[in-house]
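Source file: coords09.cif; contents: mmCIF, C-alpha atoms.
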data_run
#
loop_
_atom_site.group_PDB
_atom_site.id
_atom_site.type_symbol
_atom_site.label_atom_id
_atom_site.label_comp_id
_atom_site.auth_asym_id
_atom_site.auth_seq_id
_atom_site.Cartn_x
_atom_site.Cartn_y
_atom_site.Cartn_z
ATOM 1 C CA MET A 12 7.735 4.231 17.540
ATOM 2 C CA THR A 13 6.263 5.016 14.107
ATOM 3 C CA THR A 14 8.066 7.954 12.516
ATOM 4 C CA VAL A 15 6.142 10.199 10.137
ATOM 5 C CA ALA A 16 7.075 12.961 7.683
ATOM 6 C CA ILE A 17 4.610 15.534 6.356
ATOM 7 C CA VAL A 18 4.752 17.213 2.937
ATOM 8 C CA GLU A 19 2.112 19.958 2.871
ATOM 9 C CA ASP A 20 2.302 23.538 1.610
ATOM 10 C CA ASN A 21 -0.525 24.846 3.831
ATOM 11 C CA ALA A 22 1.186 25.978 7.044
ATOM 12 C CA VAL A 23 -1.933 25.579 9.206
ATOM 13 C CA MET A 24 -2.631 22.069 7.937
ATOM 14 C CA ARG A 25 1.029 21.152 8.290
ATOM 15 C CA LYS A 26 1.030 22.296 11.925
ATOM 16 C CA THR A 27 -2.264 20.548 12.632
ATOM 17 C CA PHE A 28 -1.075 17.202 11.280
ATOM 18 C CA ARG A 29 2.146 17.511 13.287
ATOM 19 C CA GLN A 30 0.232 18.206 16.486
ATOM 20 C CA TRP A 31 -2.055 15.210 15.937
ATOM 21 C CA ILE A 32 0.912 12.903 15.378
ATOM 22 C CA ASP A 33 3.126 14.143 18.206
ATOM 23 C CA ALA A 34 0.214 14.067 20.672
ATOM 24 C CA THR A 35 -0.362 10.363 20.036
ATOM 25 C CA PRO A 36 1.697 7.769 21.945
ATOM 26 C CA GLY A 37 3.789 5.625 19.629
ATOM 27 C CA PHE A 38 3.932 8.251 16.857
ATOM 28 C CA SER A 39 6.534 10.914 16.135
ATOM 29 C CA CYS A 40 6.689 13.547 13.388
ATOM 30 C CA VAL A 41 10.324 13.787 12.290
ATOM 31 C CA CYS A 42 9.873 16.574 9.720
ATOM 32 C CA ALA A 43 7.221 18.764 8.124
ATOM 33 C CA CYS A 44 8.116 20.036 4.638
ATOM 34 C CA ALA A 45 6.407 22.816 2.681
ATOM 35 C CA ASN A 46 7.327 21.545 -0.786
ATOM 36 C CA ALA A 47 8.802 18.638 -2.736
ATOM 37 C CA GLU A 48 12.267 20.185 -2.854
ATOM 38 C CA GLU A 49 12.525 20.230 0.949
ATOM 39 C CA ALA A 50 11.054 16.747 1.161
ATOM 40 C CA LEU A 51 13.560 15.260 -1.280
ATOM 41 C CA VAL A 52 16.428 16.602 0.828
ATOM 42 C CA GLU A 53 15.149 15.870 4.349
ATOM 43 C CA ILE A 54 13.159 12.650 4.029
ATOM 44 C CA PRO A 55 15.904 10.438 2.505
ATOM 45 C CA GLN A 56 18.171 11.496 5.379
ATOM 46 C CA LEU A 57 15.597 10.889 8.134
ATOM 47 C CA LYS A 58 14.102 7.698 6.621
ATOM 48 C CA PRO A 59 10.638 7.923 8.238
ATOM 49 C CA ASP A 60 8.288 4.959 8.205
ATOM 50 C CA VAL A 61 5.375 6.890 6.685
ATOM 51 C CA VAL A 62 4.990 10.063 4.609
ATOM 52 C CA LEU A 63 1.784 12.110 4.466
ATOM 53 C CA MET A 64 1.850 13.722 1.017
ATOM 54 C CA ASP A 65 -0.212 16.537 -0.477
ATOM 55 C CA ILE A 66 -0.707 16.421 -4.259
ATOM 56 C CA HIS A 67 -0.649 20.042 -5.357
ATOM 57 C CA LEU A 68 2.570 21.568 -4.058
ATOM 58 C CA PRO A 69 4.451 24.643 -5.272
ATOM 59 C CA GLY A 70 6.977 23.466 -7.850
ATOM 60 C CA GLU A 71 7.153 19.685 -8.233
ATOM 61 C CA SER A 72 3.878 17.870 -7.570
ATOM 62 C CA GLY A 73 3.267 15.483 -4.711
ATOM 63 C CA ILE A 74 2.811 12.649 -7.205
ATOM 64 C CA ALA A 75 6.237 13.257 -8.760
ATOM 65 C CA CYS A 76 7.728 13.633 -5.281
ATOM 66 C CA THR A 77 6.192 10.301 -4.263
ATOM 67 C CA ALA A 78 7.779 8.542 -7.242
ATOM 68 C CA ARG A 79 11.214 9.976 -6.470
ATOM 69 C CA LEU A 80 10.971 9.143 -2.763
ATOM 70 C CA LYS A 81 10.017 5.558 -3.590
ATOM 71 C CA GLU A 82 13.087 5.302 -5.828
ATOM 72 C CA ALA A 83 15.306 6.546 -2.996
ATOM 73 C CA LEU A 84 13.480 4.742 -0.163
ATOM 74 C CA PRO A 85 11.583 1.703 -1.501
ATOM 75 C CA ALA A 86 10.361 0.767 1.986
ATOM 76 C CA VAL A 87 8.781 4.133 2.800
ATOM 77 C CA GLN A 88 4.977 4.129 2.911
ATOM 78 C CA VAL A 89 3.316 7.171 1.313
ATOM 79 C CA ILE A 90 -0.263 8.204 2.056
ATOM 80 C CA ILE A 91 -1.751 10.886 -0.162
ATOM 81 C CA VAL A 92 -3.775 13.394 1.866
ATOM 82 C CA THR A 93 -5.597 15.832 -0.385
ATOM 83 C CA VAL A 94 -8.824 17.690 -1.093
ATOM 84 C CA TYR A 95 -9.051 16.164 -4.597
ATOM 85 C CA ARG A 96 -11.358 13.255 -5.450
ATOM 86 C CA ASN A 97 -10.258 12.993 -9.071
ATOM 87 C CA GLN A 98 -9.957 9.399 -10.323
ATOM 88 C CA GLU A 99 -7.077 10.200 -12.634
ATOM 89 C CA LEU A 100 -5.069 11.731 -9.774
ATOM 90 C CA ILE A 101 -5.785 8.672 -7.639
ATOM 91 C CA PHE A 102 -4.437 6.375 -10.368
ATOM 92 C CA GLN A 103 -1.371 8.560 -10.880
ATOM 93 C CA ALA A 104 -0.631 8.597 -7.145
ATOM 94 C CA LEU A 105 -0.957 4.822 -6.824
ATOM 95 C CA GLN A 106 1.178 4.262 -9.914
ATOM 96 C CA ALA A 107 3.822 6.548 -8.383
ATOM 97 C CA GLY A 108 3.979 4.273 -5.346
ATOM 98 C CA ALA A 109 1.451 5.661 -2.850
ATOM 99 C CA CYS A 110 -0.226 3.007 -0.704
ATOM 100 C CA GLY A 111 -3.151 5.041 0.627
ATOM 101 C CA TYR A 112 -5.348 7.975 -0.315
ATOM 102 C CA LEU A 113 -7.261 10.106 2.196
ATOM 103 C CA LEU A 114 -9.205 13.336 1.981
ATOM 104 C CA LYS A 115 -8.068 16.277 4.103
ATOM 105 C CA ARG A 116 -11.403 16.407 5.849
ATOM 106 C CA SER A 117 -10.506 13.077 7.514
ATOM 107 C CA SER A 118 -10.620 13.170 11.308
ATOM 108 C CA PRO A 119 -7.512 12.819 13.498
ATOM 109 C CA GLU A 120 -8.637 9.285 14.333
ATOM 110 C CA GLU A 121 -8.941 8.372 10.638
ATOM 111 C CA LEU A 122 -5.527 9.802 9.824
ATOM 112 C CA LEU A 123 -3.757 8.040 12.688
ATOM 113 C CA LYS A 124 -5.585 4.791 11.925
ATOM 114 C CA ALA A 125 -4.394 5.056 8.308
ATOM 115 C CA ILE A 126 -0.783 5.485 9.437
ATOM 116 C CA ALA A 127 -1.054 2.421 11.652
ATOM 117 C CA GLU A 128 -2.736 0.476 8.851
ATOM 118 C CA VAL A 129 0.037 1.048 6.302
ATOM 119 C CA ARG A 130 2.571 -0.017 8.925
ATOM 120 C CA SER A 131 0.759 -3.360 9.145
ATOM 121 C CA GLY A 132 0.629 -3.824 5.376
ATOM 122 C CA GLY A 133 -2.744 -2.247 4.633
ATOM 123 C CA ALA A 134 -3.806 0.272 1.990
ATOM 124 C CA PRO A 135 -6.061 2.798 3.739
ATOM 125 C CA MET A 136 -8.625 4.857 1.840
ATOM 126 C CA THR A 137 -11.800 6.632 2.814
ATOM 127 C CA SER A 138 -14.907 4.678 1.781
ATOM 128 C CA GLU A 139 -15.704 7.362 -0.807
ATOM 129 C CA ILE A 140 -12.282 7.048 -2.463
ATOM 130 C CA ALA A 141 -12.381 3.247 -2.323
ATOM 131 C CA ARG A 142 -15.759 3.204 -4.084
ATOM 132 C CA MET A 143 -14.488 5.544 -6.817
ATOM 133 C CA LEU A 144 -11.429 3.362 -7.295
ATOM 134 C CA VAL A 145 -13.458 0.164 -7.610
ATOM 135 C CA GLU A 146 -15.776 1.748 -10.164
ATOM 136 C CA ALA A 147 -12.856 3.145 -12.142
ATOM 137 C CA PHE A 148 -11.035 -0.197 -12.261
ATOM 138 C CA GLN A 149 -14.211 -1.823 -13.548
ATOM 139 C CA LYS A 150 -14.217 0.630 -16.452
ATOM 140 C CA LYS A 151 -10.502 1.329 -16.971
ATOM 141 C CA PRO A 152 -9.133 0.024 -20.309
ATOM 142 C CA ALA A 153 -5.583 -1.151 -20.901
ATOM 143 C CA ASN A 154 -3.299 1.863 -21.187
ATOM 144 C CA LEU A 155 -0.071 2.620 -22.990
ATOM 145 C CA THR A 156 2.141 1.681 -20.077
ATOM 146 C CA SER A 157 0.812 -1.861 -19.752
ATOM 147 C CA GLY A 158 -0.227 -2.462 -23.361
ATOM 148 C CA ASP A 159 2.993 -1.290 -24.999
ATOM 149 C CA GLY A 160 5.508 -2.255 -22.350
ATOM 150 C CA LEU A 161 6.568 1.267 -21.385
ATOM 151 C CA THR A 162 8.280 1.647 -18.039
ATOM 152 C CA GLN A 163 6.945 4.183 -15.545
ATOM 153 C CA ARG A 164 9.774 6.574 -16.433
ATOM 154 C CA GLU A 165 9.121 6.183 -20.166
ATOM 155 C CA ALA A 166 5.410 6.881 -19.629
ATOM 156 C CA GLU A 167 6.308 10.022 -17.666
ATOM 157 C CA ILE A 168 8.613 11.226 -20.444
ATOM 158 C CA LEU A 169 5.933 10.558 -23.060
ATOM 159 C CA ALA A 170 3.460 12.614 -21.027
ATOM 160 C CA LEU A 171 5.945 15.513 -20.867
ATOM 161 C CA LEU A 172 6.541 15.156 -24.588
ATOM 162 C CA SER A 173 2.796 15.537 -25.169
ATOM 163 C CA GLU A 174 2.931 18.886 -23.339
ATOM 164 C CA GLY A 175 5.242 20.191 -26.062
ATOM 165 C CA LEU A 176 8.419 20.174 -23.961
ATOM 166 C CA SER A 177 11.784 19.962 -25.686
ATOM 167 C CA ASN A 178 14.330 17.282 -24.807
ATOM 168 C CA LYS A 179 16.226 19.776 -22.652
ATOM 169 C CA GLU A 180 13.059 20.834 -20.826
ATOM 170 C CA ILE A 181 12.168 17.184 -20.193
ATOM 171 C CA ALA A 182 15.674 16.597 -18.844
ATOM 172 C CA ASP A 183 15.354 19.605 -16.523
ATOM 173 C CA ARG A 184 11.888 18.592 -15.342
ATOM 174 C CA GLY A 185 12.887 14.994 -14.708
ATOM 175 C CA LYS A 186 16.314 15.934 -13.288
ATOM 176 C CA ILE A 187 18.034 13.579 -15.735
ATOM 177 C CA SER A 188 20.629 14.163 -18.453
ATOM 178 C CA TYR A 189 19.858 15.210 -22.008
ATOM 179 C CA ASP A 190 21.399 11.968 -23.325
ATOM 180 C CA THR A 191 19.214 9.914 -20.972
ATOM 181 C CA VAL A 192 16.121 11.606 -22.390
ATOM 182 C CA ARG A 193 17.229 10.775 -25.931
ATOM 183 C CA ALA A 194 17.807 7.133 -24.959
ATOM 184 C CA HIS A 195 14.354 6.910 -23.365
ATOM 185 C CA LEU A 196 12.767 8.434 -26.464
ATOM 186 C CA ARG A 197 14.429 5.866 -28.703
ATOM 187 C CA HIS A 198 12.984 3.082 -26.556
ATOM 188 C CA ILE A 199 9.551 4.732 -26.571
ATOM 189 C CA TYR A 200 9.507 5.008 -30.359
ATOM 190 C CA GLU A 201 10.525 1.356 -30.707
ATOM 191 C CA LYS A 202 7.878 0.108 -28.273
ATOM 192 C CA LEU A 203 5.095 2.216 -29.783
ATOM 193 C CA HIS A 204 6.193 1.375 -33.345
ATOM 194 C CA VAL A 205 6.331 5.036 -34.355
ATOM 195 C CA ARG A 206 8.913 7.049 -36.273
ATOM 196 C CA GLY A 207 9.176 10.173 -34.146
ATOM 197 C CA ARG A 208 7.805 12.675 -31.664
ATOM 198 C CA THR A 209 4.650 13.594 -33.560
ATOM 199 C CA GLU A 210 3.447 10.027 -33.990
ATOM 200 C CA ALA A 211 4.302 9.142 -30.372
ATOM 201 C CA VAL A 212 2.382 12.130 -29.018
ATOM 202 C CA LYS A 213 -0.593 11.372 -31.262
ATOM 203 C CA LYS A 214 -0.751 7.793 -29.963
ATOM 204 C CA PHE A 215 -0.445 8.991 -26.366
ATOM 205 C CA LEU A 216 -3.208 11.582 -26.740
ATOM 206 C CA ASN A 217 -5.531 9.082 -28.425
ATOM 207 C CA SER A 218 -4.983 6.647 -25.555
ATOM 208 C CA SER A 219 -5.555 9.355 -22.937
ATOM 209 C CA LYS A 220 -8.741 10.487 -24.663
ATOM 210 C CA SER A 221 -10.051 6.930 -24.720
ATOM 211 C CA MET A 222 -9.287 6.458 -21.026
ATOM 212 C CA THR A 223 -10.990 9.725 -20.059
ATOM 213 C CA GLN A 224 -14.129 8.755 -21.961
ATOM 214 C CA GLU A 225 -14.188 5.370 -20.253
ATOM 215 C CA LEU A 226 -13.740 6.858 -16.806
ATOM 216 C CA GLY A 227 -16.637 9.220 -17.416
ATOM 217 C CA GLY A 228 -17.477 12.539 -15.861
ATOM 218 C CA GLU A 229 -17.134 11.390 -12.266
ATOM 219 C CA GLY A 230 -13.367 11.436 -12.495
ATOM 220 C CA ARG A 231 -13.357 15.179 -13.188
ATOM 221 C CA ARG A 232 -15.309 16.249 -10.109
#

Would you write out, as structure tokens, the structure that this file holds?
Amino acid sequence: MTTVAIVEDNAVMRKTFRQWIDATPGFSCVCACANAEEALVEIPQLKPDVVLMDIHLPGESGIACTARLKEALPAVQVIIVTVYRNQELIFQALQAGACGYLLKRSSPEELLKAIAEVRSGGAPMTSEIARMLVEAFQKKPANLTSGDGLTQREAEILALLSEGLSNKEIADRGKISYDTVRAHLRHIYEKLHVRGRTEAVKKFLNSSKSMTQELGGEGRR
């Protein structure tokens, strides 16, 4: 039996996915959550095999939720199911630990096939998403995370810093302590060879601008 959890804020879509799963022999939906907060409480307790994750949720995003679930349950397989075809969101989701990316207009057969595929070690994507990903990887330059040795958590904190958040706000957003944020920032400054927040943010924004230009307009559709 393959157990599945759903994280989707649209009640109709949530119900539809659950019906598709429960109506299929060998599949069982163990929970259907309306937001990341519910998911982060229920899913670690139930330990499903696969999670179907929406990106834009009320409160914490599906991408952030994916990263936190993967920290708690490294073996869980997360498939992003969304209406968005944005290259940058695809990269963020995969970096957070997702192993598949489908559009919500996928048929029941496509969705169930994707669940079975991740259980056998695959990485399911619609042909449209796969083509976008291939093209983006052909163009994508080295980014701050790989080029400067930042960890995923440090990259996330740097992104929050670029939004103008204070250390306390970053701590609240990341659900970590104030002292942990300060320690991460010290490591970020050392790795980027900068002297403080302003220089770190400037370097981050310059890198992001370069990446966006390389990806081109297709990634903003």

Explicit residue set for the PyMOL selection byres ((chain A and resi 87-92) around 10), as a CSV table (one decimal) with C-alpha atoms, keeping the file's coordinate frame:
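Result saved to part_27.csv:
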chain,number,residue,atom,x,y,z
A,15,VAL,CA,6.1,10.2,10.1
A,16,ALA,CA,7.1,13.0,7.7
A,17,ILE,CA,4.6,15.5,6.4
A,18,VAL,CA,4.8,17.2,2.9
A,19,GLU,CA,2.1,20.0,2.9
A,54,ILE,CA,13.2,12.6,4.0
A,55,PRO,CA,15.9,10.4,2.5
A,58,LYS,CA,14.1,7.7,6.6
A,59,PRO,CA,10.6,7.9,8.2
A,60,ASP,CA,8.3,5.0,8.2
A,61,VAL,CA,5.4,6.9,6.7
A,62,VAL,CA,5.0,10.1,4.6
A,63,LEU,CA,1.8,12.1,4.5
A,64,MET,CA,1.8,13.7,1.0
A,65,ASP,CA,-0.2,16.5,-0.5
A,66,ILE,CA,-0.7,16.4,-4.3
A,73,GLY,CA,3.3,15.5,-4.7
A,74,ILE,CA,2.8,12.6,-7.2
A,77,THR,CA,6.2,10.3,-4.3
A,78,ALA,CA,7.8,8.5,-7.2
A,80,LEU,CA,11.0,9.1,-2.8
A,81,LYS,CA,10.0,5.6,-3.6
A,82,GLU,CA,13.1,5.3,-5.8
A,83,ALA,CA,15.3,6.5,-3.0
A,84,LEU,CA,13.5,4.7,-0.2
A,85,PRO,CA,11.6,1.7,-1.5
A,86,ALA,CA,10.4,0.8,2.0
A,93,THR,CA,-5.6,15.8,-0.4
A,94,VAL,CA,-8.8,17.7,-1.1
A,95,TYR,CA,-9.1,16.2,-4.6
A,101,ILE,CA,-5.8,8.7,-7.6
A,104,ALA,CA,-0.6,8.6,-7.1
A,105,LEU,CA,-1.0,4.8,-6.8
A,107,ALA,CA,3.8,6.5,-8.4
A,108,GLY,CA,4.0,4.3,-5.3
A,109,ALA,CA,1.5,5.7,-2.8
A,110,CYS,CA,-0.2,3.0,-0.7
A,111,GLY,CA,-3.2,5.0,0.6
A,112,TYR,CA,-5.3,8.0,-0.3
A,113,LEU,CA,-7.3,10.1,2.2
A,114,LEU,CA,-9.2,13.3,2.0
A,115,LYS,CA,-8.1,16.3,4.1
A,116,ARG,CA,-11.4,16.4,5.8
A,117,SER,CA,-10.5,13.1,7.5
A,122,LEU,CA,-5.5,9.8,9.8
A,125,ALA,CA,-4.4,5.1,8.3
A,126,ILE,CA,-0.8,5.5,9.4
A,129,VAL,CA,0.0,1.0,6.3
A,130,ARG,CA,2.6,0.0,8.9
A,132,GLY,CA,0.6,-3.8,5.4
A,134,ALA,CA,-3.8,0.3,2.0
A,135,PRO,CA,-6.1,2.8,3.7
A,136,MET,CA,-8.6,4.9,1.8

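This file, filtered with the PyMOL selection byres ((chain A and resi 202-211) around 9), gives the residues Leu155, Asp159, Gly160, Leu161, Leu169, Leu172, Ser173, Leu196, Arg197, His198, Ile199, Tyr200, Glu201, Val212, Lys213, Lys214, Phe215 and Leu216 of chain A.
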
Restrict the selected residues to C-alpha atoms and save them as a compact mmCIF listing (two decimals), in the frame of the given file.
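That gives us result-v3.txt:
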# COMPACT_ATOMS: atom_id res chain seq x y z
CA LEU A 155 -0.07 2.62 -22.99
CA ASP A 159 2.99 -1.29 -25.00
CA GLY A 160 5.51 -2.26 -22.35
CA LEU A 161 6.57 1.27 -21.38
CA LEU A 169 5.93 10.56 -23.06
CA LEU A 172 6.54 15.16 -24.59
CA SER A 173 2.80 15.54 -25.17
CA LEU A 196 12.77 8.43 -26.46
CA ARG A 197 14.43 5.87 -28.70
CA HIS A 198 12.98 3.08 -26.56
CA ILE A 199 9.55 4.73 -26.57
CA TYR A 200 9.51 5.01 -30.36
CA GLU A 201 10.52 1.36 -30.71
CA VAL A 212 2.38 12.13 -29.02
CA LYS A 213 -0.59 11.37 -31.26
CA LYS A 214 -0.75 7.79 -29.96
CA PHE A 215 -0.44 8.99 -26.37
CA LEU A 216 -3.21 11.58 -26.74

Fewer than 5 positions away in the same chain doesn't count, so skip those; otherwise give me all residues within 12 Å of A:Thr35, counting all atoms listed in the file, as a list in words.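 The residues satisfying every condition are Met12, Thr13, Thr14, Val15, Phe28, Arg29, Gln30, Cys40, Pro119, Glu120, Leu122, Leu123, Lys124, Ile126 and Ala127 of chain A.
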
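Taking atom CA of A:Glu53 as the reference point, atom CA of A:Arg79 is found at 12.9 Å.
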
Centre and edge lengths of an axis-aligned box around all listed atoms of stretch 159-164 of chain A, with 6 Å added on each side, are to be given in Å to one decimal, as JSON.
{"center_x": 6.4, "center_y": 2.2, "center_z": -20.3, "size_x": 18.8, "size_y": 20.8, "size_z": 21.5}

Any chance you could work out the residue set of the PyMOL selection byres ((chain A and resi 182) around 12) here, as JSON, numbers by chain? {"A": [164, 167, 168, 171, 172, 176, 177, 178, 179, 180, 181, 183, 184, 185, 186, 187, 188, 189, 190, 191, 192, 193, 194, 195, 196]}
